[in-house]
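Pasting coords32.cif here (mmCIF, C-alpha atoms):
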data_query
#
loop_
_atom_site.label_atom_id
_atom_site.label_comp_id
_atom_site.auth_asym_id
_atom_site.auth_seq_id
_atom_site.Cartn_x
_atom_site.Cartn_y
_atom_site.Cartn_z
CA MET A 858 -26.29 31.17 -45.36
CA ASN A 859 -24.84 33.46 -42.75
CA THR A 860 -27.20 32.00 -40.16
CA ARG A 861 -26.12 28.46 -41.00
CA ARG A 862 -22.46 29.49 -40.87
CA GLN A 863 -22.98 31.14 -37.48
CA LEU A 864 -24.70 28.00 -36.22
CA LEU A 865 -21.89 25.80 -37.48
CA THR A 866 -19.32 28.10 -35.87
CA ALA A 867 -21.23 27.94 -32.58
CA VAL A 868 -21.38 24.13 -32.71
CA VAL A 869 -17.66 23.86 -33.45
CA ALA A 870 -16.86 26.30 -30.64
CA PHE A 871 -19.02 24.33 -28.24
CA GLY A 872 -17.31 21.13 -29.28
CA LEU A 873 -13.89 22.60 -28.73
CA THR A 874 -14.93 23.95 -25.32
CA TRP A 875 -16.41 20.59 -24.29
CA GLY A 876 -13.34 18.77 -25.57
CA ALA A 877 -11.04 21.06 -23.62
CA ALA A 878 -13.10 20.56 -20.48
CA SER A 879 -13.07 16.80 -21.00
CA ALA A 880 -9.30 16.78 -21.51
CA GLN A 881 -8.85 18.93 -18.41
CA ALA A 882 -10.97 16.51 -16.38
CA GLN A 883 -8.70 13.65 -17.44
CA GLU A 884 -5.75 15.56 -15.99
CA THR A 885 -7.15 14.85 -12.52
CA LEU A 886 -7.05 11.27 -11.28
CA ARG A 887 -9.61 10.24 -8.69
CA VAL A 888 -8.03 7.83 -6.20
CA VAL A 889 -9.97 5.95 -3.53
CA THR A 890 -8.28 4.88 -0.31
CA ASP A 891 -9.08 3.75 3.23
CA ALA A 892 -6.69 5.88 5.26
CA THR A 893 -6.72 3.78 8.41
CA PHE A 894 -3.65 1.56 7.97
CA PRO A 895 -0.39 3.18 9.09
CA PRO A 896 2.23 3.46 7.76
CA MET A 897 0.65 2.83 4.35
CA GLU A 898 -2.13 5.40 4.64
CA PHE A 899 -3.55 7.19 7.65
CA VAL A 900 -4.68 10.60 8.86
CA LYS A 901 -2.39 12.75 11.01
CA ASP A 902 -3.28 16.26 12.15
CA GLY A 903 -6.29 16.16 9.83
CA LYS A 904 -4.24 15.33 6.74
CA ARG A 905 -3.74 12.10 4.80
CA THR A 906 -0.21 10.79 4.90
CA GLY A 907 1.73 7.55 4.61
CA PHE A 908 3.72 5.52 2.12
CA ASP A 909 0.90 4.95 -0.37
CA ILE A 910 -0.18 8.59 -0.23
CA GLU A 911 3.30 9.93 -0.98
CA LEU A 912 3.83 7.30 -3.67
CA ILE A 913 0.67 8.27 -5.55
CA GLU A 914 1.46 11.98 -5.26
CA ALA A 915 4.93 11.29 -6.69
CA LEU A 916 3.45 9.26 -9.55
CA GLY A 917 0.95 12.01 -10.26
CA LYS A 918 3.75 14.54 -10.44
CA ALA A 919 5.75 12.31 -12.80
CA MET A 920 2.67 11.98 -15.03
CA GLY A 921 1.81 15.66 -14.88
CA LYS A 922 -1.58 14.93 -13.31
CA LYS A 923 -3.38 16.12 -10.21
CA ILE A 924 -4.61 13.68 -7.59
CA GLU A 925 -8.07 13.87 -6.07
CA TRP A 926 -8.38 11.69 -2.97
CA ILE A 927 -11.65 10.01 -2.03
CA ASP A 928 -11.99 8.28 1.34
CA ILE A 929 -13.95 5.03 1.41
CA ASP A 930 -14.05 1.81 3.45
CA PHE A 931 -11.65 -0.87 2.23
CA LYS A 932 -14.43 -3.23 1.13
CA GLY A 933 -15.77 -0.52 -1.17
CA LEU A 934 -12.53 0.28 -3.02
CA ILE A 935 -12.85 -2.12 -5.94
CA PRO A 936 -16.63 -1.62 -6.31
CA ALA A 937 -15.90 2.11 -6.60
CA LEU A 938 -13.66 1.42 -9.61
CA GLN A 939 -16.26 -0.84 -11.16
CA ALA A 940 -18.92 1.84 -10.75
CA GLY A 941 -16.73 4.54 -12.31
CA ARG A 942 -16.48 6.62 -9.12
CA ALA A 943 -12.67 6.63 -9.37
CA GLU A 944 -9.93 5.67 -11.78
CA MET A 945 -7.54 4.14 -9.23
CA ALA A 946 -7.48 2.57 -5.78
CA VAL A 947 -4.49 2.40 -3.44
CA SER A 948 -4.73 1.14 0.11
CA ALA A 949 -2.22 -1.65 0.74
CA ILE A 950 -4.14 -3.82 -1.74
CA TYR A 951 -2.56 -7.21 -2.35
CA ILE A 952 -2.53 -8.37 -5.97
CA THR A 953 -4.63 -11.55 -6.09
CA ASP A 954 -6.07 -13.64 -8.91
CA ALA A 955 -9.60 -13.03 -7.63
CA ARG A 956 -9.17 -9.25 -7.70
CA LYS A 957 -7.55 -9.38 -11.13
CA GLN A 958 -10.83 -10.74 -12.49
CA VAL A 959 -12.55 -7.39 -11.92
CA VAL A 960 -9.78 -4.76 -11.95
CA ASP A 961 -6.34 -4.34 -13.46
CA PHE A 962 -3.20 -3.90 -11.38
CA THR A 963 -0.01 -1.99 -12.01
CA ASP A 964 3.34 -3.64 -11.59
CA PRO A 965 3.92 -4.43 -7.89
CA TYR A 966 5.21 -1.41 -6.00
CA TYR A 967 6.06 -2.97 -2.63
CA ALA A 968 6.41 -6.48 -1.20
CA GLY A 969 4.31 -7.02 1.89
CA GLY A 970 3.62 -10.32 3.65
CA LEU A 971 4.50 -11.86 7.00
CA VAL A 972 7.79 -10.94 8.64
CA VAL A 973 9.65 -11.51 11.91
CA LEU A 974 10.11 -8.67 14.40
CA THR A 975 12.76 -9.47 17.00
CA ARG A 976 15.37 -7.95 19.30
CA LYS A 977 18.62 -6.93 17.66
CA ASP A 978 20.60 -8.63 20.44
CA GLY A 979 18.30 -11.69 20.58
CA PRO A 980 18.83 -15.29 19.46
CA ILE A 981 16.78 -15.08 16.24
CA LYS A 982 18.89 -14.15 13.23
CA THR A 983 17.25 -16.29 10.51
CA LEU A 984 13.84 -17.88 9.95
CA LYS A 985 15.24 -21.28 11.03
CA ASP A 986 15.93 -19.81 14.46
CA LEU A 987 12.17 -19.56 15.12
CA ASP A 988 11.98 -23.30 15.85
CA GLY A 989 11.26 -23.93 19.52
CA ARG A 990 11.10 -20.21 20.35
CA LYS A 991 8.28 -18.17 21.89
CA VAL A 992 6.62 -16.12 19.16
CA SER A 993 3.82 -13.66 19.79
CA VAL A 994 0.97 -13.45 17.27
CA GLN A 995 -2.35 -11.67 17.13
CA VAL A 996 -5.43 -13.86 17.52
CA GLY A 997 -7.43 -14.34 14.33
CA THR A 998 -4.69 -13.29 11.93
CA LYS A 999 -2.97 -15.20 9.15
CA SER A 1000 0.14 -15.40 11.34
CA VAL A 1001 -1.53 -17.92 13.67
CA SER A 1002 -2.59 -20.41 10.99
CA TYR A 1003 0.65 -20.02 9.05
CA LEU A 1004 2.83 -20.81 12.07
CA LYS A 1005 0.64 -23.78 12.98
CA GLU A 1006 1.13 -25.27 9.53
CA HIS A 1007 4.71 -24.33 8.70
CA TYR A 1008 6.39 -23.83 12.10
CA PRO A 1009 4.69 -26.39 14.39
CA SER A 1010 7.57 -26.35 16.89
CA VAL A 1011 7.10 -22.62 17.60
CA GLN A 1012 5.65 -21.79 21.02
CA ARG A 1013 2.88 -19.39 20.03
CA VAL A 1014 1.91 -16.65 22.46
CA GLU A 1015 -1.48 -15.49 21.18
CA VAL A 1016 -2.65 -12.01 22.18
CA GLU A 1017 -5.57 -9.76 21.29
CA LYS A 1018 -3.80 -6.54 20.27
CA ASN A 1019 -0.91 -5.61 17.99
CA GLN A 1020 0.64 -3.43 20.67
CA GLU A 1021 0.61 -6.26 23.21
CA MET A 1022 2.27 -8.55 20.68
CA PHE A 1023 5.12 -6.08 20.16
CA ASN A 1024 5.45 -5.29 23.87
CA LEU A 1025 6.07 -8.96 24.70
CA VAL A 1026 9.11 -8.91 22.41
CA GLN A 1027 10.39 -5.68 23.96
CA ILE A 1028 10.24 -7.00 27.53
CA GLY A 1029 11.64 -10.42 26.61
CA ARG A 1030 8.52 -12.51 27.22
CA ALA A 1031 8.58 -13.49 23.53
CA ASP A 1032 11.61 -14.00 21.31
CA ALA A 1033 9.85 -12.57 18.26
CA ALA A 1034 6.56 -11.46 16.79
CA VAL A 1035 5.20 -12.53 13.41
CA THR A 1036 2.95 -10.00 11.69
CA GLY A 1037 2.45 -7.99 8.50
CA LYS A 1038 5.49 -6.15 7.16
CA PRO A 1039 4.14 -2.56 7.27
CA ALA A 1040 3.11 -2.77 10.93
CA ALA A 1041 6.37 -4.49 11.91
CA LYS A 1042 8.50 -1.93 10.06
CA LEU A 1043 6.58 0.95 11.62
CA PHE A 1044 7.05 -0.40 15.15
CA ALA A 1045 10.73 -1.18 14.58
CA GLN A 1046 11.23 2.50 13.71
CA SER A 1047 10.01 3.48 17.18
CA THR A 1048 12.78 1.71 19.09
CA ARG A 1049 16.50 1.12 18.74
CA ASP A 1050 16.20 -2.37 20.24
CA LEU A 1051 14.07 -4.12 17.60
CA THR A 1052 14.60 -5.10 13.99
CA VAL A 1053 12.75 -6.86 11.18
CA LEU A 1054 14.54 -9.83 9.60
CA ALA A 1055 15.44 -9.27 5.96
CA ASP A 1056 14.10 -12.71 5.00
CA GLN A 1057 10.30 -12.68 4.85
CA ILE A 1058 8.10 -15.60 5.87
CA THR A 1059 5.67 -14.90 3.03
CA THR A 1060 5.69 -12.35 0.22
CA GLU A 1061 2.49 -10.77 -1.03
CA GLU A 1062 2.83 -7.84 -3.38
CA TYR A 1063 0.95 -4.56 -3.28
CA GLY A 1064 -0.36 -3.03 -6.49
CA ILE A 1065 -2.37 -0.02 -7.59
CA ALA A 1066 -5.81 -1.14 -8.73
CA VAL A 1067 -7.02 0.47 -11.96
CA SER A 1068 -10.38 0.33 -13.70
CA LYS A 1069 -10.39 -2.21 -16.54
CA ARG A 1070 -11.85 0.53 -18.73
CA LEU A 1071 -8.53 2.41 -18.56
CA PRO A 1072 -5.72 0.15 -19.84
CA GLU A 1073 -3.76 3.21 -20.99
CA LEU A 1074 -3.74 4.53 -17.42
CA LYS A 1075 -2.17 1.31 -16.16
CA THR A 1076 0.56 1.71 -18.78
CA GLU A 1077 1.13 5.34 -17.76
CA LEU A 1078 1.39 4.40 -14.11
CA ASN A 1079 3.90 1.63 -14.80
CA GLU A 1080 6.06 4.06 -16.79
CA ALA A 1081 5.83 6.63 -14.00
CA LEU A 1082 6.79 3.98 -11.44
CA LYS A 1083 9.90 3.14 -13.47
CA LYS A 1084 10.71 6.84 -13.67
CA ILE A 1085 10.54 7.53 -9.93
CA LYS A 1086 12.58 4.40 -9.22
CA ALA A 1087 15.25 5.56 -11.66
CA ASP A 1088 15.51 9.09 -10.27
CA GLY A 1089 15.66 8.05 -6.60
CA THR A 1090 12.23 9.37 -5.55
CA TYR A 1091 10.89 5.89 -4.78
CA GLU A 1092 13.88 5.01 -2.61
CA GLN A 1093 13.44 8.23 -0.63
CA ILE A 1094 9.80 7.36 0.11
CA VAL A 1095 10.70 3.79 1.13
CA ASN A 1096 13.48 5.01 3.41
CA LYS A 1097 11.21 7.57 5.05
CA TRP A 1098 8.40 5.17 5.90
CA PHE A 1099 10.17 1.84 6.44
CA GLU A 1100 13.89 2.27 6.98
CA ALA A 1101 14.30 5.44 9.05
CA PRO A 1102 16.25 4.80 12.28
CA ALA A 1103 14.60 5.33 15.65
CA GLN A 1104 15.13 8.80 17.08
#

Encoded form using structure tokens:
Amino acid sequence: MNTRRQLLTAVVAFGLTWGAASAQAQETLRVVTDATFPPMEFVKDGKRTGFDIELIEALGKAMGKKIEWIDIDFKGLIPALQAGRAEMAVSAIYITDARKQVVDFTDPYYAGGLVVLTRKDGPIKTLKDLDGRKVSVQVGTKSVSYLKEHYPSVQRVEVEKNQEMFNLVQIGRADAAVTGKPAAKLFAQSTRDLTVLADQITTEEYGIAVSKRLPELKTELNEALKKIKADGTYEQIVNKWFEAPAQ
């Protein structure tokens, strides 16, 4: 009898220990990212940084959970969630119907899309002002096809590199550049002469991808997102990465 009781006690103790370890493991969220897309996520001085990185760290803090970062190529982010290698993915991932078939998304946390970068003292103040103007775009990007279809009167100046596209606006050889919002905002921060129009050409929303096996995590993240928006943390992160004036 004593032997059986000792065995039962040992089993219960083991179960409690395993349960505690399992609960502790759930307190750490594994997050995959491709830290090669400033200002959303990138590596500086050997450390990950950027808007997405700070956002996830703030959400983790609001949820009382630790964040474990895992670096992976962009094309492998969603497969990593499907395979159970991580619970979440954040890397400037647009919410699309195709992606929603295989993963869940949180509420949108930032509106990306195509925007207009132009000189503050230039002639372009609204999207209508693009008509007939010289606009630099990067070859092979969505900007080229979108302008062809929706702004046929624009004089496109097609270049190979992002930097060249922005430089043409700075020196006055193009009236504006059309590109993705994060890159445009980042470059506008580097000079006092340029600005990004408030009206966007297109709007595509970023979301945090979550494994479909964890619907409760999506709910937790959405609540945490509401919390950091209410207490001003979210606004501070946005201002730091997208609205800070040029020095």

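The smallest atom-to-atom distance between Ile929 of chain A and any of A:Val960, A:Val889, A:Val1001, A:Ala1033, using all atoms listed in the file, is found for A:Val889.
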
Gap from atom CA of Thr906 of chain A to atom CA of Glu1080 of chain A - Å, one decimal:
23.6 Å

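Run against this file, the PyMOL selection byres ((chain A and resi 1070-1079) around 10) gives back A:Leu886, A:Ile913, A:Leu916, A:Gly917, A:Ala919, A:Met920, A:Leu938, A:Gln939, A:Gly941, A:Glu944, A:Met945, A:Val960, A:Asp961, A:Phe962, A:Thr963, A:Asp964, A:Pro965, A:Tyr966, A:Ile1065, A:Ala1066, A:Val1067, A:Ser1068, A:Lys1069, A:Glu1080, A:Ala1081, A:Leu1082, A:Lys1083, A:Lys1084.
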
Under the rule of at most 9 Å, produce a per-residue listing of segment 893-970 of chain A near segment 1047-1063 of chain A: chain, number, name, the closest pair of atoms, and the distance in Å, as a Markdown table, using all atoms listed in the file.
| residue | atom | partner | partner_atom | distance |
| --- | --- | --- | --- | --- |
| A:Val947 | CA | A:Tyr1063 | CA | 8.8 |
| A:Ser948 | CA | A:Tyr1063 | CA | 8.7 |
| A:Ala949 | CA | A:Tyr1063 | CA | 5.9 |
| A:Ile950 | CA | A:Tyr1063 | CA | 5.4 |
| A:Tyr951 | CA | A:Tyr1063 | CA | 4.5 |
| A:Ile952 | CA | A:Tyr1063 | CA | 5.8 |
| A:Thr953 | CA | A:Glu1062 | CA | 8.8 |
| A:Asp964 | CA | A:Tyr1063 | CA | 8.7 |
| A:Pro965 | CA | A:Tyr1063 | CA | 5.5 |
| A:Tyr966 | CA | A:Tyr1063 | CA | 6.0 |
| A:Tyr967 | CA | A:Tyr1063 | CA | 5.4 |
| A:Ala968 | CA | A:Glu1062 | CA | 4.4 |
| A:Gly969 | CA | A:Glu1061 | CA | 5.1 |
| A:Gly970 | CA | A:Thr1060 | CA | 4.5 |

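Closest approach to Val973 of chain A among A:Gly1064, A:Pro1039, A:Gly1089, A:Pro896 is made by A:Pro1039 (distances from only C-alpha atoms).
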
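We find atom CA of Val1035 of chain A and atom CA of Lys1086 of chain A to be spaced 29.2 Å apart.
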
Take the PyMOL selection byres ((chain A and resi 891) around 7), run it mentally on this structure, and tell me the resulting residues as number ranges by chain.
A: 890, 892-893, 928-931, 948

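With distances restricted to only C-alpha atoms, A:Lys991 is the closest residue to Glu1015 of chain A from A:Lys1038, A:Arg905, A:Arg887, A:Lys991.
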
Record the distance separating atom CA of Leu971 of chain A and atom CA of Val888 of chain A, expressed in Å with one decimal.
26.8 Å

For segment 1002-1014 of chain A, I'd like the enclosing box, axis-aligned and padded by 8 Å on every side, reported as AutoDock Vina command-line options with centre and edge lengths in Å to one decimal.
--center_x 2.5 --center_y -21.5 --center_z 15.6 --size_x 26.2 --size_y 25.7 --size_z 29.8

Exactly which residues make up the result of the PyMOL selection byres ((chain A and resi 1023) around 9) on this file, given as an MDAnalysis selection string?
chainID A and resid 974:975 993:994 1018:1022 1024:1027 1031 1033:1034 1041 1044

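Ranking A:Gly921, A:Gly933, A:Pro1009, A:Pro895 by their shortest atom-to-atom distance to Arg990 of chain A, with only C-alpha atoms included, puts A:Pro1009 first.
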
Considering only C-alpha atoms, state which residue in the set A:Val992, A:Leu1004, A:Leu1043, A:Val900 is at the smallest distance from Arg1030 of chain A.
A:Val992

Close residues, Met897 of chain A itself excluded, 7 Å, only C-alpha atoms, min 3 positions apart in chain, as an MDAnalysis selection string:
chainID A and resid 894 907:909 949

With all heavy atoms as the goal, would you fill in the gaps in segment 1092-1103 of chain A and present it as a PDB file, keeping the file's coordinate frame?
ATOM      1  N   GLU A1092      13.010   5.422  -3.715  1.00  0.00           N
ATOM      2  CA  GLU A1092      13.880   5.010  -2.610  1.00  0.00           C
ATOM      3  C   GLU A1092      13.740   5.960  -1.428  1.00  0.00           C
ATOM      4  O   GLU A1092      13.750   5.531  -0.267  1.00  0.00           O
ATOM      5  CB  GLU A1092      15.329   4.964  -3.077  1.00  0.00           C
ATOM      6  CG  GLU A1092      16.288   4.442  -2.008  1.00  0.00           C
ATOM      7  CD  GLU A1092      17.722   4.361  -2.502  1.00  0.00           C
ATOM      8  OE1 GLU A1092      18.001   4.865  -3.611  1.00  0.00           O
ATOM      9  OE2 GLU A1092      18.562   3.796  -1.790  1.00  0.00           O
ATOM     10  N   GLN A1093      13.610   7.244  -1.700  1.00  0.00           N
ATOM     11  CA  GLN A1093      13.440   8.230  -0.630  1.00  0.00           C
ATOM     12  C   GLN A1093      12.155   7.966   0.152  1.00  0.00           C
ATOM     13  O   GLN A1093      12.143   8.056   1.388  1.00  0.00           O
ATOM     14  CB  GLN A1093      13.415   9.646  -1.211  1.00  0.00           C
ATOM     15  CG  GLN A1093      14.751  10.128  -1.743  1.00  0.00           C
ATOM     16  CD  GLN A1093      14.648  11.489  -2.416  1.00  0.00           C
ATOM     17  OE1 GLN A1093      13.588  12.109  -2.457  1.00  0.00           O
ATOM     18  NE2 GLN A1093      15.754  11.952  -2.975  1.00  0.00           N
ATOM     19  N   ILE A1094      11.075   7.624  -0.551  1.00  0.00           N
ATOM     20  CA  ILE A1094       9.800   7.360   0.110  1.00  0.00           C
ATOM     21  C   ILE A1094       9.889   6.079   0.950  1.00  0.00           C
ATOM     22  O   ILE A1094       9.416   6.025   2.091  1.00  0.00           O
ATOM     23  CB  ILE A1094       8.658   7.265  -0.923  1.00  0.00           C
ATOM     24  CG1 ILE A1094       8.525   8.589  -1.681  1.00  0.00           C
ATOM     25  CG2 ILE A1094       7.337   6.933  -0.238  1.00  0.00           C
ATOM     26  CD1 ILE A1094       7.558   8.534  -2.859  1.00  0.00           C
ATOM     27  N   VAL A1095      10.517   5.042   0.391  1.00  0.00           N
ATOM     28  CA  VAL A1095      10.700   3.790   1.130  1.00  0.00           C
ATOM     29  C   VAL A1095      11.521   4.030   2.394  1.00  0.00           C
ATOM     30  O   VAL A1095      11.166   3.566   3.487  1.00  0.00           O
ATOM     31  CB  VAL A1095      11.381   2.719   0.250  1.00  0.00           C
ATOM     32  CG1 VAL A1095      11.813   1.521   1.091  1.00  0.00           C
ATOM     33  CG2 VAL A1095      10.445   2.268  -0.857  1.00  0.00           C
ATOM     34  N   ASN A1096      12.609   4.748   2.253  1.00  0.00           N
ATOM     35  CA  ASN A1096      13.480   5.010   3.410  1.00  0.00           C
ATOM     36  C   ASN A1096      12.750   5.798   4.492  1.00  0.00           C
ATOM     37  O   ASN A1096      12.924   5.543   5.686  1.00  0.00           O
ATOM     38  CB  ASN A1096      14.734   5.761   2.964  1.00  0.00           C
ATOM     39  CG  ASN A1096      15.699   4.867   2.201  1.00  0.00           C
ATOM     40  OD1 ASN A1096      15.614   3.643   2.271  1.00  0.00           O
ATOM     41  ND2 ASN A1096      16.608   5.475   1.462  1.00  0.00           N
ATOM     42  N   LYS A1097      11.941   6.757   4.078  1.00  0.00           N
ATOM     43  CA  LYS A1097      11.210   7.570   5.050  1.00  0.00           C
ATOM     44  C   LYS A1097      10.236   6.746   5.875  1.00  0.00           C
ATOM     45  O   LYS A1097      10.174   6.880   7.097  1.00  0.00           O
ATOM     46  CB  LYS A1097      10.451   8.693   4.333  1.00  0.00           C
ATOM     47  CG  LYS A1097       9.551   9.510   5.257  1.00  0.00           C
ATOM     48  CD  LYS A1097       8.823  10.607   4.502  1.00  0.00           C
ATOM     49  CE  LYS A1097       7.875  11.353   5.432  1.00  0.00           C
ATOM     50  NZ  LYS A1097       7.166  12.447   4.705  1.00  0.00           N
ATOM     51  N   TRP A1098       9.489   5.865   5.211  1.00  0.00           N
ATOM     52  CA  TRP A1098       8.400   5.170   5.900  1.00  0.00           C
ATOM     53  C   TRP A1098       8.782   3.806   6.468  1.00  0.00           C
ATOM     54  O   TRP A1098       8.104   3.319   7.387  1.00  0.00           O
ATOM     55  CB  TRP A1098       7.201   5.035   4.961  1.00  0.00           C
ATOM     56  CG  TRP A1098       6.564   6.356   4.707  1.00  0.00           C
ATOM     57  CD1 TRP A1098       6.661   7.119   3.582  1.00  0.00           C
ATOM     58  CD2 TRP A1098       5.774   7.101   5.628  1.00  0.00           C
ATOM     59  NE1 TRP A1098       5.967   8.300   3.736  1.00  0.00           N
ATOM     60  CE2 TRP A1098       5.421   8.318   4.985  1.00  0.00           C
ATOM     61  CE3 TRP A1098       5.330   6.879   6.941  1.00  0.00           C
ATOM     62  CZ2 TRP A1098       4.644   9.288   5.611  1.00  0.00           C
ATOM     63  CZ3 TRP A1098       4.560   7.854   7.553  1.00  0.00           C
ATOM     64  CH2 TRP A1098       4.217   9.027   6.895  1.00  0.00           C
ATOM     65  N   PHE A1099       9.856   3.198   5.972  1.00  0.00           N
ATOM     66  CA  PHE A1099      10.170   1.840   6.440  1.00  0.00           C
ATOM     67  C   PHE A1099      11.574   1.652   6.977  1.00  0.00           C
ATOM     68  O   PHE A1099      11.820   0.693   7.702  1.00  0.00           O
ATOM     69  CB  PHE A1099       9.955   0.840   5.294  1.00  0.00           C
ATOM     70  CG  PHE A1099       8.534   0.765   4.827  1.00  0.00           C
ATOM     71  CD1 PHE A1099       8.209   1.067   3.528  1.00  0.00           C
ATOM     72  CD2 PHE A1099       7.535   0.394   5.698  1.00  0.00           C
ATOM     73  CE1 PHE A1099       6.896   1.011   3.086  1.00  0.00           C
ATOM     74  CE2 PHE A1099       6.214   0.319   5.281  1.00  0.00           C
ATOM     75  CZ  PHE A1099       5.888   0.631   3.963  1.00  0.00           C
ATOM     76  N   GLU A1100      12.498   2.518   6.620  1.00  0.00           N
ATOM     77  CA  GLU A1100      13.890   2.270   6.980  1.00  0.00           C
ATOM     78  C   GLU A1100      14.498   3.347   7.882  1.00  0.00           C
ATOM     79  O   GLU A1100      15.659   3.239   8.253  1.00  0.00           O
ATOM     80  CB  GLU A1100      14.747   2.128   5.724  1.00  0.00           C
ATOM     81  CG  GLU A1100      14.232   1.110   4.713  1.00  0.00           C
ATOM     82  CD  GLU A1100      14.129  -0.291   5.264  1.00  0.00           C
ATOM     83  OE1 GLU A1100      14.839  -0.600   6.261  1.00  0.00           O
ATOM     84  OE2 GLU A1100      13.332  -1.087   4.734  1.00  0.00           O
ATOM     85  N   ALA A1101      13.758   4.371   8.217  1.00  0.00           N
ATOM     86  CA  ALA A1101      14.300   5.440   9.050  1.00  0.00           C
ATOM     87  C   ALA A1101      14.667   4.918  10.431  1.00  0.00           C
ATOM     88  O   ALA A1101      13.891   4.187  11.040  1.00  0.00           O
ATOM     89  CB  ALA A1101      13.300   6.585   9.173  1.00  0.00           C
ATOM     90  N   PRO A1102      15.843   5.275  10.947  1.00  0.00           N
ATOM     91  CA  PRO A1102      16.250   4.800  12.280  1.00  0.00           C
ATOM     92  C   PRO A1102      15.427   5.441  13.376  1.00  0.00           C
ATOM     93  O   PRO A1102      14.892   6.547  13.198  1.00  0.00           O
ATOM     94  CB  PRO A1102      17.728   5.228  12.364  1.00  0.00           C
ATOM     95  CG  PRO A1102      17.824   6.419  11.459  1.00  0.00           C
ATOM     96  CD  PRO A1102      16.873   6.138  10.327  1.00  0.00           C
ATOM     97  N   ALA A1103      15.313   4.776  14.496  1.00  0.00           N
ATOM     98  CA  ALA A1103      14.600   5.330  15.650  1.00  0.00           C
ATOM     99  C   ALA A1103      15.329   6.583  16.155  1.00  0.00           C
ATOM    100  O   ALA A1103      16.559   6.643  16.150  1.00  0.00           O
ATOM    101  CB  ALA A1103      14.511   4.296  16.765  1.00  0.00           C
TER     102      ALA A1103
END
